[in-house]
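This report refers to the structure that appears directly beneath it.
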Amino acid sequence: MPLYVKDLSCGYGEVEVISDLSFEFHSGQVLTILGPNGVGKTTLFKTILGFLKPRSGSVIIDDKPTSSLTRKDLAKLLAYVPQSQTVAFSYPVEEFILMGRAPHLGLLQQPGPADREIVHQVMRLLGIEHLATKSCTGISGGELQLAFVARALAQQPRYLVMDEPTANLDYGNQTRVLECILELASDGIGVIMTTHNPEQAFILESQVVLLKDNRSYLCGSYSDILTEATLHDTYDIDVLIRSFSHNGRDLIACRTLPKCTCK
């Protein structure tokens, strides 16, 4: 069943950040949410996840508003990877990821072998098996980001909500996370993510919600929404977008064109 955002307005107190936003999103798709800082990307995530109550409109999964679901039931459908994280206690990475199995356990029930096998599977997928016994407080920021992604995947959600999942990762780990997202989508998981890099939407061949400063937005395929004109209008920068073929695949890439002509 799809996830529907219908006529959604959300914000904080009397301040409305997003107005009358609507889009439809299916399992097995990737949706990237782009826009300048402060337009409400994280606010939208918090509302979809039920952390914020909509000012109006609704978020619907399985024909049910998310506001009608218990936190545990919602956690079986949606898993969240926040933008920045810290871990207060020195949990071993494997045990930290195992916490993602909580929505599938009964009261006081301990994780069993099947739960640990799921944890091992997601660690292999992300290439972090070597971190299993290391402390979460003793690994790098990039490694910790991958551990948070793994914990979310351990929930076995239908939809994975990721706030800038490649932030603080080196180039290789950024690529690994994007490859993981494509693999998850091919396995039927819907991935909703924010990014400040439009090229990631091209790499993922995703659906796009492009939020603007004036609370307007554009929704659709990456190739329709992310044009040189719309990116210039949104970010006030010049962007070059070109199509090319590689190993039999038709691809699109974009790059910014800095205004500085300094040599």
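Each chain in the structure tokens gets a letter, A, B, ..., in the order shown, and its residues are numbered from 1; ligands are numbered from 1 in order too.
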Using only C-alpha atoms, which residues of segment 1-86 of chain A come within 12 Å of segment 223-231 of chain A, and what is the closest atom pair for each, with the distance in Å to one decimal? Give it as a tab-separated table, sorted by chain and residue number.
```
residue	atom	partner	partner_atom	distance
A:Thr32	CA	A:Leu226	CA	11.1
A:Ile33	CA	A:Leu226	CA	11.4
A:Leu34	CA	A:Leu226	CA	9.8
A:Gly35	CA	A:Leu231	CA	9.2
A:Pro36	CA	A:Leu231	CA	10.4
```
List every residue of segment 96-167 of chain A that DSSP, applied to the backbone of this structure, places in helix (DSSP H, G or I), and write the result as a PyMOL selection string. chain A and resi 96-104+113-126+129-131+136-138+141-154
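Closest approach to Val17 of chain A from the set A:Gln121, A:Gln85, A:Ser206, A:Asn214 is made by A:Asn214, with distances taken over only C-alpha atoms.
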Could you write out, as a PyMOL selection string, all the residues of segment 29-262 of chain A that DSSP marks as strand (DSSP E)? chain A and resi 30-34+56-61+64-65+78-81+159-163+190-194+207-211+217-221+238-246+249-257
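If you measure from each of A:Pro258, A:Gly28, A:Pro113, A:Pro82 to Leu49 of chain A using only C-alpha atoms, the closest one turns out to be A:Pro82.
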Using only C-alpha atoms, find each residue of segment 2-120 of chain A with at least one atom at most 8 Å away from an atom of segment 144-161 of chain A; report its shortest atom-to-atom pair and that distance in Å (one decimal), sort the rows by chain and rising residue number, and return the result as a tab-separated table.
```
residue	atom	partner	partner_atom	distance
A:Ser27	CA	A:Arg158	CA	6.6
A:Phe45	CA	A:Val161	CA	7.4
A:Ala75	CA	A:Pro157	CA	7.3
A:Lys76	CA	A:Pro157	CA	5.3
A:Leu77	CA	A:Pro157	CA	4.8
A:Leu78	CA	A:Tyr159	CA	4.9
A:Ala79	CA	A:Leu160	CA	5.0
A:Tyr80	CA	A:Val161	CA	4.8
A:Val81	CA	A:Val149	CA	6.0
A:Gln85	CA	A:Gln145	CA	7.6
A:Val93	CA	A:Ala147	CA	6.8
A:Phe96	CA	A:Arg151	CA	7.0
A:Ile97	CA	A:Arg151	CA	4.1
A:Leu98	CA	A:Arg151	CA	6.7
A:Met99	CA	A:Arg151	CA	6.8
A:Gly100	CA	A:Arg151	CA	4.8
A:Arg101	CA	A:Gln155	CA	5.2
A:Ala102	CA	A:Gln155	CA	7.6
A:Pro103	CA	A:Gln155	CA	7.0
A:His104	CA	A:Gln155	CA	7.6
A:Ile118	CA	A:Ala154	CA	6.3
A:Val119	CA	A:Ala154	CA	5.8
```
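Taking atom CA of Gly11 of chain A and atom CA of Ser56 of chain A as the two end points, the separation is 10.1 Å.
Interatomic distance, atom CA of Ser186 of chain A against atom CA of Ile203 of chain A: 14.5 Å.
Between atom CA of Ile181 of chain A and atom CA of Leu204 of chain A lies a distance of 8.0 Å.
Among the candidates A:Asp170, A:Glu117, A:Asp73, A:Asp163, the one nearest to Leu44 of chain A when counting only C-alpha atoms is A:Asp163.
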Within 6 Å of segment 134-139 of chain A using only C-alpha atoms, minus same-chain residues under 5 positions, as number ranges by chain: A: 90-93
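Comparing the minimum interatomic distances between Glu94 of chain A and each of A:Asn197, A:Ser58, A:Leu74, A:Met123, counting only C-alpha atoms, we find that A:Met123 sits nearest.
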